[in-house]
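**Q** Enclosed is the structure file model_24.txt (compact mmCIF, C-alpha atoms).
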```txt
# COMPACT_ATOMS: atom_id res chain seq x y z
CA PHE A 16 7.90 1.82 11.47
CA LEU A 17 8.04 4.91 13.67
CA TRP A 18 7.26 3.09 16.92
CA PHE A 19 9.45 5.67 18.67
CA PHE A 20 6.85 8.22 17.55
CA ILE A 21 3.93 6.47 19.22
CA THR A 22 3.08 6.29 22.90
CA ILE A 23 0.54 4.11 24.65
CA HIS A 24 -2.61 6.05 25.52
CA LEU A 25 -6.01 5.42 27.10
CA PHE A 26 -7.55 2.00 26.60
CA ASN A 27 -4.19 0.70 25.38
CA MET A 28 -4.65 2.84 22.30
CA ALA A 29 -1.61 4.44 20.73
CA ALA A 30 -1.24 8.17 20.31
CA VAL A 31 1.05 10.51 18.42
CA THR A 32 2.59 13.59 19.96
CA LEU A 33 1.77 16.97 18.42
CA HIS A 34 4.26 19.85 18.33
CA THR A 35 2.72 21.22 21.54
CA GLY A 36 3.38 17.97 23.42
CA LYS A 37 -0.34 17.13 23.42
CA LYS A 38 -1.25 13.52 22.63
CA MET A 39 -3.57 12.81 19.69
CA PRO A 40 -5.13 9.31 19.58
CA ILE A 41 -3.83 7.52 16.52
CA LEU A 42 -7.27 6.00 15.81
CA GLY A 43 -10.43 8.04 15.51
CA LEU A 44 -13.97 7.82 14.19
CA GLY A 45 -14.56 9.48 10.84
CA THR A 46 -17.99 11.02 10.18
CA TRP A 47 -17.94 11.95 6.47
CA LYS A 48 -21.09 10.57 4.79
CA SER A 49 -22.51 9.55 8.19
CA LYS A 50 -26.16 10.54 7.93
CA ALA A 51 -28.06 12.49 10.54
CA GLY A 52 -29.89 10.02 12.71
CA ALA A 53 -27.25 7.33 12.32
CA VAL A 54 -24.25 9.43 13.29
CA GLU A 55 -25.50 10.27 16.80
CA THR A 56 -25.73 6.60 17.69
CA ALA A 57 -22.39 5.91 15.98
CA VAL A 58 -20.57 8.47 18.14
CA LYS A 59 -22.16 7.12 21.32
CA VAL A 60 -21.18 3.56 20.39
CA ALA A 61 -17.64 4.67 19.53
CA ILE A 62 -17.13 6.38 22.87
CA ASP A 63 -18.49 3.33 24.70
CA VAL A 64 -16.11 1.08 22.74
CA GLY A 65 -13.13 3.26 23.69
CA TYR A 66 -12.64 5.79 20.90
CA ARG A 67 -11.48 9.12 22.24
CA HIS A 68 -10.95 10.86 18.89
CA ILE A 69 -13.85 12.04 16.71
CA ASP A 70 -13.32 13.75 13.35
CA CYS A 71 -16.02 16.18 12.16
CA ALA A 72 -16.57 18.93 9.58
CA HIS A 73 -19.19 21.60 9.05
CA VAL A 74 -19.76 20.55 5.44
CA TYR A 75 -20.75 17.03 6.51
CA GLY A 76 -24.01 18.50 7.78
CA ASN A 77 -24.18 16.32 10.88
CA GLU A 78 -22.44 18.28 13.64
CA LYS A 79 -25.66 18.99 15.56
CA GLU A 80 -26.31 15.25 15.93
CA ILE A 81 -22.69 14.66 16.92
CA GLY A 82 -23.08 17.43 19.48
CA ASN A 83 -26.08 15.67 21.00
CA ALA A 84 -24.01 12.51 21.38
CA LEU A 85 -21.12 14.40 22.94
CA LYS A 86 -23.41 16.17 25.38
CA GLU A 87 -24.78 12.84 26.57
CA LYS A 88 -21.40 11.13 26.90
CA ILE A 89 -19.19 13.89 28.33
CA GLY A 90 -19.38 13.70 32.09
CA THR A 91 -20.87 10.22 32.11
CA SER A 92 -18.73 7.99 29.88
CA CYS A 93 -15.70 10.26 29.61
CA ALA A 94 -14.32 13.65 30.54
CA ARG A 95 -14.02 16.40 27.93
CA GLU A 96 -10.25 16.54 28.40
CA ASP A 97 -10.01 12.86 27.48
CA LEU A 98 -11.54 13.50 24.05
CA PHE A 99 -9.74 14.78 20.97
CA LEU A 100 -12.30 16.55 18.78
CA THR A 101 -11.60 17.90 15.30
CA SER A 102 -13.62 19.98 12.85
CA LYS A 103 -12.87 21.78 9.59
CA LEU A 104 -13.34 25.21 8.07
CA TRP A 105 -15.27 25.00 4.80
CA ASN A 106 -14.17 26.54 1.50
CA THR A 107 -16.73 29.38 1.60
CA LYS A 108 -15.31 30.70 4.87
CA HIS A 109 -11.69 31.38 3.94
CA SER A 110 -11.95 35.16 4.25
CA ALA A 111 -10.42 36.24 7.57
CA VAL A 112 -13.65 37.90 8.73
CA ASP A 113 -15.57 34.64 8.22
CA VAL A 114 -13.27 32.28 10.11
CA LYS A 115 -14.29 32.97 13.70
CA PRO A 116 -18.05 33.02 12.96
CA ALA A 117 -17.66 29.67 11.17
CA LEU A 118 -15.88 28.18 14.18
CA LEU A 119 -18.49 29.54 16.58
CA THR A 120 -21.21 27.85 14.51
CA THR A 121 -19.33 24.56 14.75
CA LEU A 122 -18.81 24.95 18.50
CA LYS A 123 -22.51 25.70 18.99
CA ASN A 124 -23.52 22.68 16.92
CA LEU A 125 -21.08 20.38 18.73
CA GLN A 126 -22.05 21.92 22.10
CA LEU A 127 -18.41 22.56 22.96
CA ASP A 128 -16.34 25.41 24.39
CA TYR A 129 -13.26 24.58 22.31
CA LEU A 130 -11.90 22.24 19.67
CA ASP A 131 -8.72 20.22 20.00
CA LEU A 132 -8.00 20.67 16.29
CA TYR A 133 -9.43 22.93 13.56
CA LEU A 134 -8.37 22.30 9.97
CA ILE A 135 -8.62 24.25 6.72
CA HIS A 136 -10.66 21.63 4.84
CA TRP A 137 -9.21 22.42 1.39
CA PRO A 138 -6.69 24.99 0.14
CA ILE A 139 -9.29 26.08 -2.44
CA ALA A 140 -11.61 28.99 -1.62
CA PHE A 141 -15.21 29.23 -2.86
CA GLN A 142 -17.28 32.41 -3.11
CA PRO A 143 -18.12 33.52 0.45
CA GLY A 144 -21.64 33.01 1.68
CA ASP A 145 -23.98 30.47 3.21
CA ASP A 146 -24.35 28.38 0.04
CA MET A 147 -21.66 25.76 0.55
CA PHE A 148 -21.45 24.98 -3.18
CA PRO A 149 -22.06 28.29 -4.99
CA LYS A 150 -22.58 27.77 -8.71
CA ASN A 151 -22.28 29.75 -11.90
CA PRO A 152 -25.12 29.54 -14.48
CA ASP A 153 -23.20 26.80 -16.34
CA GLY A 154 -23.02 24.68 -13.17
CA SER A 155 -19.36 25.32 -12.41
CA VAL A 156 -18.30 26.38 -8.93
CA LYS A 157 -18.03 30.07 -8.11
CA TYR A 158 -14.51 30.40 -6.76
CA ASP A 159 -12.82 32.93 -4.55
CA TYR A 160 -9.10 33.57 -4.49
CA THR A 161 -8.48 34.39 -0.85
CA SER A 162 -5.00 33.18 0.06
CA TYR A 163 -4.95 30.34 2.55
CA ILE A 164 -2.15 32.30 4.24
CA GLU A 165 -4.75 34.95 5.13
CA THR A 166 -7.02 32.18 6.37
CA TRP A 167 -4.21 30.74 8.46
CA GLY A 168 -3.63 34.03 10.22
CA ALA A 169 -7.29 34.05 11.28
CA LEU A 170 -6.96 30.49 12.60
CA GLU A 171 -3.96 31.51 14.68
CA LYS A 172 -6.14 34.10 16.41
CA LEU A 173 -8.57 31.34 17.39
CA VAL A 174 -5.71 29.64 19.24
CA ASP A 175 -4.87 32.93 20.94
CA GLU A 176 -8.47 33.19 22.14
CA GLY A 177 -8.53 29.64 23.51
CA LEU A 178 -11.28 28.53 21.14
CA VAL A 179 -8.99 26.01 19.43
CA ARG A 180 -6.02 24.12 20.89
CA HIS A 181 -4.35 23.22 17.59
CA ILE A 182 -4.77 24.21 13.95
CA GLY A 183 -3.94 22.29 10.83
CA LEU A 184 -4.46 21.54 7.17
CA SER A 185 -6.38 19.07 5.04
CA ASN A 186 -5.75 18.12 1.42
CA PHE A 187 -2.64 20.35 1.21
CA ASN A 188 0.28 19.21 -0.94
CA SER A 189 3.92 19.40 0.16
CA LYS A 190 4.57 22.84 -1.35
CA GLN A 191 1.43 24.26 0.24
CA VAL A 192 2.40 22.80 3.63
CA ASP A 193 5.82 24.44 3.31
CA GLU A 194 4.29 27.78 2.35
CA VAL A 195 2.04 27.79 5.41
CA ILE A 196 4.95 26.87 7.68
CA SER A 197 7.13 29.62 6.19
CA LYS A 198 4.51 32.27 7.01
CA ALA A 199 3.04 30.84 10.21
CA ARG A 200 3.36 32.19 13.73
CA ILE A 201 1.71 28.97 14.99
CA PRO A 202 2.73 25.96 12.87
CA PRO A 203 0.23 23.44 11.54
CA ALA A 204 -0.10 20.42 13.79
CA VAL A 205 -1.67 18.07 11.24
CA ASN A 206 -2.18 17.54 7.52
CA GLN A 207 -5.20 15.30 6.93
CA CYS A 208 -5.32 13.68 3.49
CA GLU A 209 -6.65 10.64 1.67
CA SER A 210 -4.45 7.61 2.29
CA HIS A 211 -4.91 3.87 1.87
CA ALA A 212 -3.02 0.93 0.41
CA TYR A 213 -3.73 2.08 -3.17
CA LEU A 214 -2.58 5.64 -2.32
CA ASN A 215 -0.14 5.23 0.52
CA GLN A 216 1.18 8.83 0.37
CA GLN A 217 4.59 7.80 1.72
CA ARG A 218 6.38 10.77 0.12
CA LEU A 219 3.94 13.27 1.65
CA ILE A 220 4.08 11.45 5.00
CA ASP A 221 7.89 11.66 4.98
CA HIS A 222 7.75 15.33 4.02
CA CYS A 223 5.30 16.16 6.81
CA LYS A 224 7.41 14.27 9.33
CA LYS A 225 10.46 16.38 8.41
CA GLN A 226 8.33 19.47 9.06
CA ASN A 227 7.06 18.13 12.42
CA VAL A 228 3.52 17.89 11.02
CA ILE A 229 1.46 14.81 11.87
CA PHE A 230 -0.03 13.06 8.85
CA GLU A 231 -3.63 11.90 9.25
CA ALA A 232 -5.31 9.47 6.85
CA TYR A 233 -8.93 9.74 5.84
CA SER A 234 -10.68 7.15 3.66
CA PRO A 235 -8.35 4.30 4.75
CA PHE A 236 -10.65 1.85 2.92
CA GLY A 237 -10.61 3.83 -0.31
CA SER A 238 -14.06 5.32 0.37
CA PRO A 239 -16.07 2.64 -1.49
CA ASP A 240 -19.30 4.50 -0.61
CA ARG A 241 -18.15 7.79 -2.14
CA PRO A 242 -21.00 9.38 -4.11
CA TRP A 243 -19.15 9.31 -7.44
CA ALA A 244 -17.94 5.69 -7.24
CA LYS A 245 -18.53 3.56 -10.35
CA PRO A 246 -19.41 -0.15 -10.25
CA SER A 247 -16.19 -0.91 -12.15
CA ASP A 248 -13.96 0.85 -9.59
CA PRO A 249 -11.78 -1.53 -7.55
CA ASN A 250 -12.85 -2.04 -3.93
CA ILE A 251 -9.81 -2.29 -1.70
CA LEU A 252 -11.77 -4.23 0.93
CA ASP A 253 -12.31 -7.00 -1.62
CA ASP A 254 -8.65 -7.25 -2.63
CA PRO A 255 -7.80 -10.96 -2.22
CA ALA A 256 -4.17 -10.20 -1.34
CA ILE A 257 -5.21 -7.94 1.52
CA LYS A 258 -7.79 -10.48 2.68
CA ALA A 259 -5.07 -13.14 2.65
CA ILE A 260 -2.88 -11.03 4.93
CA GLY A 261 -5.85 -10.63 7.28
CA ASP A 262 -6.41 -14.38 7.34
CA LYS A 263 -2.90 -14.89 8.71
CA TYR A 264 -3.81 -12.85 11.80
CA GLY A 265 -7.48 -13.76 12.10
CA LYS A 266 -8.35 -10.20 11.06
CA THR A 267 -10.46 -8.58 8.36
CA ALA A 268 -9.15 -6.60 5.42
CA ALA A 269 -10.43 -3.44 7.12
CA GLN A 270 -8.47 -4.19 10.28
CA VAL A 271 -5.33 -4.84 8.23
CA LEU A 272 -5.74 -1.50 6.42
CA ILE A 273 -6.14 0.37 9.71
CA ARG A 274 -3.16 -1.42 11.22
CA PHE A 275 -1.07 -0.57 8.14
CA GLN A 276 -1.52 3.13 8.91
CA ILE A 277 -0.91 2.75 12.64
CA GLU A 278 2.38 0.95 12.10
CA ARG A 279 3.52 3.83 9.89
CA GLY A 280 2.78 6.29 12.68
CA VAL A 281 -0.16 7.69 10.70
CA VAL A 282 -3.31 8.84 12.46
CA VAL A 283 -6.29 7.08 10.87
CA ILE A 284 -10.03 7.84 10.99
CA PRO A 285 -12.15 5.02 9.53
CA LYS A 286 -15.82 5.92 9.13
CA SER A 287 -18.70 3.64 10.06
CA VAL A 288 -22.18 3.94 11.53
CA THR A 289 -22.56 0.19 12.07
CA PRO A 290 -21.94 -0.71 15.74
CA GLU A 291 -20.28 -4.03 14.91
CA ARG A 292 -17.87 -2.39 12.45
CA ILE A 293 -17.12 0.50 14.79
CA LYS A 294 -16.12 -2.07 17.40
CA ALA A 295 -14.16 -4.19 14.91
CA ASN A 296 -12.27 -1.14 13.62
CA PHE A 297 -11.09 -0.53 17.18
CA GLU A 298 -9.80 -4.09 17.61
CA VAL A 299 -6.46 -3.39 15.98
CA PHE A 300 -4.16 -3.08 18.98
CA ASP A 301 -3.79 -6.81 19.64
CA PHE A 302 -1.69 -7.71 16.62
CA LYS A 303 1.27 -6.39 14.65
CA LEU A 304 1.89 -6.79 10.95
CA SER A 305 5.20 -8.39 10.03
CA ASP A 306 7.82 -6.38 8.17
CA GLU A 307 7.16 -8.58 5.15
CA ASP A 308 3.43 -7.85 5.23
CA MET A 309 4.08 -4.12 5.63
CA LYS A 310 6.30 -4.21 2.54
CA THR A 311 3.62 -6.14 0.65
CA LEU A 312 0.97 -3.59 1.59
CA ALA A 313 3.27 -0.72 0.61
CA GLY A 314 3.68 -2.39 -2.76
CA PHE A 315 -0.03 -2.03 -3.56
CA ASP A 316 0.38 1.72 -4.12
CA ARG A 317 -0.91 2.76 -7.54
CA ASN A 318 -1.44 6.50 -6.98
CA GLY A 319 -5.09 5.51 -6.66
CA ARG A 320 -6.58 8.79 -5.50
CA VAL A 321 -10.37 8.58 -5.38
CA CYS A 322 -11.37 11.61 -3.31
CA ILE A 323 -11.25 14.21 -6.07
CA PRO A 324 -14.54 16.04 -6.64
CA SER A 325 -15.15 15.59 -10.36
CA ILE A 326 -17.41 16.81 -13.14
CA GLU A 327 -18.03 15.33 -16.58
CA VAL A 328 -16.70 17.17 -19.62
CA ASN A 329 -17.15 15.65 -23.08
CA GLY A 330 -17.95 12.33 -21.48
CA GLN A 331 -14.81 12.31 -19.36
CA ALA A 332 -14.55 12.82 -15.60
CA VAL A 333 -12.24 15.74 -14.83
CA PRO A 334 -11.33 17.36 -11.49
CA ARG A 335 -13.99 19.93 -10.65
CA ASP A 336 -11.50 22.34 -9.12
CA GLY A 337 -8.52 21.59 -11.38
CA GLY A 338 -8.45 25.12 -12.78
CA HIS A 339 -8.19 26.83 -9.40
CA PRO A 340 -4.64 28.07 -8.70
CA ASP A 341 -4.68 26.40 -5.27
CA PHE A 342 -5.84 22.99 -6.54
CA PRO A 343 -3.51 20.66 -4.60
CA PHE A 344 -3.21 17.60 -6.82
CA HIS A 345 -1.17 18.92 -9.73
CA GLU A 346 1.94 18.36 -7.63
CA PRO A 347 3.37 14.83 -7.33
CA TYR A 348 2.73 14.92 -3.56
```
For the structure just supplied, provide its representation as structure tokens.
**A**
Amino acid sequence: FLWFFITIHLFNMAAVTLHTGKKMPILGLGTWKSKAGAVETAVKVAIDVGYRHIDCAHVYGNEKEIGNALKEKIGTSCAREDLFLTSKLWNTKHSAVDVKPALLTTLKNLQLDYLDLYLIHWPIAFQPGDDMFPKNPDGSVKYDYTSYIETWGALEKLVDEGLVRHIGLSNFNSKQVDEVISKARIPPAVNQCESHAYLNQQRLIDHCKKQNVIFEAYSPFGSPDRPWAKPSDPNILDDPAIKAIGDKYGKTAAQVLIRFQIERGVVVIPKSVTPERIKANFEVFDFKLSDEDMKTLAGFDRNGRVCIPSIEVNGQAVPRDGGHPDFPFHEPY
């Protein structure tokens, strides 16, 4: 399971190697849906526990609080060069002239001089401006059709200026990844996408590996607290088969799901603001899933994508952005 691809890093934590030779911790703290007030404490706790990888995004609306935590911890609990810090360019900032100002806002909020990784959050562009979700009178999103290839060229310049060490993609399908690579001067280091036992993304992972792009999994627990979740939706953390695997190792379902990604060589960023869970999510380097259990977990795949922004049309939930030409999920992977 790609153990050759993983090296031991700080605090006995594994890391993957990016195309530059830089190490990226295989486990990080996710911050999507982490509310202001709670997220500052969460980041401090995570760093104290041993996390050295924090995943952020402008659209999450909490980078100022994360920046306060980083300011307190850098130089006391850790050195800046020991941290791997990621943020993402939002959909309204795809125009080349908007990319650097967007990054500078993120750097100011995070109180940093540079990012280790800056991702294009989605391949889909929205109308430029400060309204992160611009709407038409009928409530639909106002789109823009800036090519993500143009956006990528602006990201490459950020690397040239030393403001970003690596650049990458998020929510890009295999064809979109290939298109960026075919036009890129600096290749994407990472493609961050939803991945969990119900959507294991093995085909996209294999494709990215062939292209020397690290695959990173967000929502490894199936994002049960996503805003559009329905009471009838299955909760992967309650799956009795996954719990049973955990019982064999004295581990929780959450720890099994994190370990499943690690053993596939996939970077994983579970989100929590609860100190006990942040600590528990880090306690995944003292056991190894058997080959049989890895096969069992792989068998749970049901193409169960849940992180698709949706709207209701005629009583049915449909992808909000499905009509945009760069919508990534029409492709099989």
**Q** Dig up all the protein and nucleic acid residues within 6 Å of (-13.4, 24.1, 1.5) in the file frame, using all atoms listed in the file, and format them as a VMD selection string.
**A** chain A and resid 105 to 106 136 to 137
**Q** From (-10.9, 1.3, 10.7), in the file's coordinates, out to 9 Å: which residues are reached, counting only C-alpha atoms? Answer as a PyMOL selection string.
**A** chain A and resi 42-45+235-236+269-274+283-287+292-293+295-299
**Q** Measuring atom to atom with all atoms listed in the file, identify which of A:Val281, A:Ala212, A:Ile323, A:Ala30 is nearest to Val228 of chain A.
**A**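 Counting all atoms listed in the file, the residue closest to Val228 of chain A is A:Val281.
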**Q** Using only C-alpha atoms, can you tell me which of A:Pro152, A:Gly65, A:Pro202, A:Gly183 comes closest to Leu134 of chain A?
**A**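 Of all the options, A:Gly183 lies closest to Leu134 of chain A.
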**Q** Rounded to one decimal in Å, what is the spacing between atom CA of Ile229 of chain A and atom CA of Asp254 of chain A?
**A**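 That distance, rounded to one decimal, is 28.3 Å.
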**Q** Take atom CA of Ser325 of chain A and atom CA of Val74 of chain A and report the distance between them in Å, one decimal.
**A** 17.2 Å
**Q** With all atoms listed in the file as the basis for distance, which of A:Leu118, A:Val288, A:Ala94, A:Met309 is at the shortest distance from Gly177 of chain A?
**A**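 Between A:Leu118, A:Val288, A:Ala94, A:Met309, the residue approaching Gly177 of chain A most closely is A:Leu118.
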**Q** Residues within 12 Å of Gly36 of chain A, please, as a ChimeraX atom specification. Count only C-alpha atoms; anything in the same chain fewer than 3 positions from it doesn't count.
**A** /A:20,22,30-33,39,180-181,204,227
**Q** Just the residues within 7 Å of Gly237 of chain A, please, counting all atoms listed in the file, with nothing from its chain fewer than 2 positions along; format it as a list in words.
**A**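 Surrounding residues, per the criterion: His211, Ser234, Pro235, Pro239, Ile251 and Val321 of chain A.
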